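Q: My questions will all concern the structure given below.
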Amino acid sequence: MAKRKLSGSDIVIQSLVDAGVDTIFGYPGGAVLPIYDALFKQNRLKHVLVRQEGGAVHMAEGYARSTGKLGVVLVTSGPGATNAVTGLTDALMDSIPVLCLTGQVPTHLIGNDAFQEADTTGITRPCTKHNYLVRDVKDLGRVMQEAVYVARSGRPGPVVIDLPKDVLINETTFEIGKKPPVKHKTYRPQIKGDSSKIREAVELIAKAKRPLFYCGGGVVNSGPRGSKLLTEFVRMTGYPITLTLMGLGAFPATDKKFLGMVGMHGTYESNLAMHDCDLMINIGARFDDRVTGLISKFSPGSKKIHVDIDPSSINKNVAVDVPIIGDCASVLAEMIKVWKEIKPSKNTKAINSWWDQIEKWRKRDCLGYTQSKDIIKPQYALERLQALTKDRDTYITTEVGQHQMWAAQYLKFNEPNRWMTSGGLGTMGYGFPAAIGVQMAHPKATVIDISGEASFQMNIQEMSTAMQYRLPVKVFILNNEYMGMVRQWQELLYGSRYSESYTASLPDFVKLAESYGAVGLRATKPSEVDDVIKEMLDNDQFTIADIAIDKGENCFPMIPSGAPHNEMLLGPEDEAAKPTSEEGMVLV
Amino acid sequence: MEPIERHTIAVLVDNEAGVLARVIGLFSGRGYNIESLTVAEVDPESAVSRITVVTSGTPMIIAQIKAQLDRLVPVHRICDLTDGGASVERELALVKVRGTGNKRVEALRIADIFRARAIDSTNNSFVFEISGSPEKIDAFINLMRTLGLVEISRTGAVAIARGAKGI
């Protein structure tokens with residue numbers, strides 16, 4: 001390894017290169033000019049110029065989630081950093097490894113209310129896994145390496161490094177090249193699960209009569225091996241499995257053992273199986289309130305196994321019987337080993353009658369809908385999109401709202417890392433920049449942002465970014481002129497008083513696309529949907545497809561907030577029958 | 001409803017900038033109680049500080065507090081002194097009392113019973129230094145209320161496990 005005298009800026013770039021980073025998303029400004037000057041003089045890092053810093057973080061998230069690699073962001077001090085806060089919170093909630101480098105005023109001006117000064121480490125403390133303010137260039141190399149380690153290891157998350165301008169300019173000696181792995185003083189996440197607990201869990205799994213795997217984003221985060229092992233183990237047991245929103249793709253959606261998504265807009269069969277199971281095998285999911293519904297009536301008769309790398313996820317919302325702290329892939333590998341070793345004689349008769357029950361629920365066809373002749377149903381548009389993309393190398397991102405839930409229900413993911421959505425924070429405006437990030441990582445792939453006209457406008461400025469880098473991203477807008485999910489709740493819970501949920505003065509999305517030199521397409525009748533989708537997929541340019549859907553369509557099935565799993569609304573005919581409890585009204 | 005328990009938790013942290021803000025922010029952000037919190041460096045060589053925090057909540061919340069604290073990157077160790085066997089807990093308080101005549105004599109007499117020391121005195125005031133369990137200090141302060149209590153400064157509890165073993 002060579003030792004050289006480098007400036008802080010060069011150390012930043014060299015550290016990123018040494019950590020295997022090749023793409024960063026950013027926006028320049030006064031405090032980070034030294035880094036931008038250093039970027040100008042090199043060709044190892046590709047910089048993607050965004051149009052607003054909020055977009056940069058979502059791009060890095062999309063890049064990270066679709067590759068399993070670290071997403072890197074570079075923004076300036078003050079407003080650059082504060083604009084990044086939403087993305088950082090999003091990455092924290094969904095456990096996405098993101099490194100965000102923020103400029104800062106020179107150390108001697110910190111605390112002086114200097115131009116473009118903000119207390120970045122103070123502001124980002126609650127929305128990052130960890131953050132650093134580097135006051136001395138001598139610490140920079142260590143902090144860069146440590147930050148990458150913290151962001152990627154254990155339960156991944158966003159890390160901020162705040163870089164005062166003088167630290168970027170000052171020089172120190174720095175060792176170039178790949179470093180030995182970080183031995184962190186205090187942060188050493190537990191990867192391997194407790195063997196006796198794993199054995200106890202496998203014995204419970206073997207004896208179960210009405211078992212259900214309930215798995216989430218943790219499986220995706222433990223790498224492709226995690227999903228492979230999960231698939232192997234589920235098939236070995238022959239048990240049913242449901243996935244959370246964040247877990248879609250961790251188990252093949254086309255496998256009959258998959259019951260569909262669980263939770264508020266999950267399938268009937270998944271939610272009833274959650275309610276009625278006698279053993280819940282939670283691997284890498286966190287009993288989110290969108291999954292559990294009314295916690296006091298959540299799966300009352302089941303024993304619960306919970307595998308999670310984050311000890312604070314255990315017993316947070318739901319008390320479990322067998323907690324296992326460790327990485328999903330590592331624990332699954334050991335579960336498979338123990339299963340093979342004990343060669344369990346399963347409770348075949350009970351399992352068969354459990355499957356009979358599940359098939360009965362399945363027969364309700366909770367995702368069924370009636371396509372009309374004149375109006376495009378969003379479900380239909382997505383089913384056609386699914387049919388026409390299934391043989392392609394496709395990545396899907398979404399914004400937040402009805403379209404997101406429909407996409408989760410009607411699109412099929414057979415592999416992990418193909419589905420990028422804002423689950424925990426529910427950030428409208430996530431999907432489009434995320435799609436740009438995904439496309440940067442997978443230039444040849446088909447990358448589609450399933451969007452709504454309201455969400456799209458929250459980061460619409462990134463159209464210019466997509467054009468600049470000639471990214472053939474597709475934005476598939478399910479346009480109902482409403483903030484659809486807000487409208488749906490207002491209809492169901494607020495007496496159809498549609499307060500501020502209608503968007504007047506929408507742009508003509510076709511002309512808007514054309515004004516950027518992109519392709520704009522529109523479908524207003526069911527008969528036009530296939531042609532628009534084909535045209536969107538066949539061209540190699542940034543494309544917006546504006547699909548005018550049924551304005552009044554609601555997203556079903558739905559567990560009203562404050563209700564348990566077995567009180568799902570299956571469709572409009574259920575709406576009137578069940579008034580929402582007062583307890584439910586105060587929940588989000 | 002599960003019962004509310006009071007727990008004293010020792011947290012060993014790297015003494016780096018912002019670490020106290022991280023711990024306090026965790027409590028306020030997640031809505032946990034802080035009854036008292038003390039912090040000081042205990043190992044200058046390795047720059048380790050010890051935070052003693054007294055908190056209350058249901059057993060599930062207490063377990064969450066410990067897990068969340070342990071998740072903070074600069075945290076070395078967590079030790080629940082309430083769960084981990086016997087421990088001793090002490091607090092220091094400075095108590096200012098103003099009065100003359102009988103009240104002044106009575107204040108001094110009670111201070112003597114509580115083994116509080118007068119560390120400042122004027123013709124019509126005392127500052128008492130008292131240390132002991134938080135309950136003892138509460139009791140002392142309550143007695144001083146009728147005798148001209150002016151001002152209180154308390155450190156919050158520090159605690160350590162009994163016996164030869166360290167955490």
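Note on naming: chains are A, B, ... as they come in the structure tokens, residues start from 1 per chain, ligands start from 1 in the order shown.
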What residues in chain B get the DSSP label strand (DSSP E)? Please answer as a VMD selection string.
A: chain B and resid 5 to 14 36 to 43 48 to 57 75 to 80 87 to 98 117 to 122 125 to 132 149 to 154 158 to 161
Q: May I have the residues of chain A within 8 Å of chain B, counting only C-alpha atoms, written as number ranges by chain?
A: A: 125-126, 129-130, 185-187, 310-312, 315-316
Q: Point out the residue among A:Asn459, A:Gln190, A:Gln104, A:Gln409 with the least atom-to-atom distance to Gly263 in chain A, counting only C-alpha atoms.
A: A:Gln409
Q: Expressed in Å to a single decimal, how great is the separation between CA of Asp327 in chain A and CA of Leu16 in chain A?
A: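 Interatomic distance here is 25.6 Å.
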Q: Skipping near chain neighbours, those fewer than 2 positions away, what residues fall within 7 Å of range 475-482 of chain A using only C-alpha atoms, listed as a ChimeraX atom specification?
A: /A:378,403,448-453,473,484,487,501-503,543-551
Q: To one decimal place, how far is CA of Glu528 in chain A from CA of Lys377 in chain A in Å?
A: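 Value for the CA of Glu528 in chain A-CA of Lys377 in chain A distance: 12.4 Å.
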Q: Range 332-341 of chain A: which residues within 9 Å, counting only C-alpha atoms, same-chain residues fewer than 6 positions away excluded, as a list in words?
A: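 The residues satisfying every condition are Gly193, Ser195, Ile198, Arg199, Ala201, Val202, Glu203, Ala206, Gly226, Leu229, Leu230, Glu232, Phe233, Met236, Thr237 and Ile283 of chain A.
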Q: Pull the helix (DSSP H, G or I) assignments for range 51-246 of chain A out of DSSP run on the backbone, and list those residues as a PyMOL selection string.
A: chain A and resi 53-67+79-83+85-93+107-109+120-127+137-152+165-169+195-207+217-221+224-237+245-246
Q: Counting only C-alpha atoms, what is within 10 Å of Ala2 in chain A, bar same-chain residues fewer than 3 positions away, as a PyMOL selection string?
A: chain A and resi 173-177
Q: Write a file of the selected residues as a tab-separated table (two decimals), in the first residue's frame, keeping N, CA and C atoms.
A:
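Output contents, as saved in result02.tsv:
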```
chain	number	residue	atom	x	y	z
A	173	THR	N	-1.21	12.57	5.31
A	173	THR	CA	-0.80	11.35	4.60
A	173	THR	C	-1.91	10.33	4.68
A	174	PHE	N	-2.08	9.58	3.61
A	174	PHE	CA	-3.19	8.64	3.51
A	174	PHE	C	-2.70	7.40	2.79
A	175	GLU	N	-3.14	6.24	3.31
A	175	GLU	CA	-2.76	4.99	2.68
A	175	GLU	C	-3.76	4.61	1.60
A	176	ILE	N	-3.26	4.48	0.38
A	176	ILE	CA	-4.16	4.16	-0.73
A	176	ILE	C	-4.29	2.65	-0.87
A	177	GLY	N	-5.46	2.19	-1.25
A	177	GLY	CA	-5.66	0.76	-1.49
A	177	GLY	C	-6.68	0.17	-0.55
```
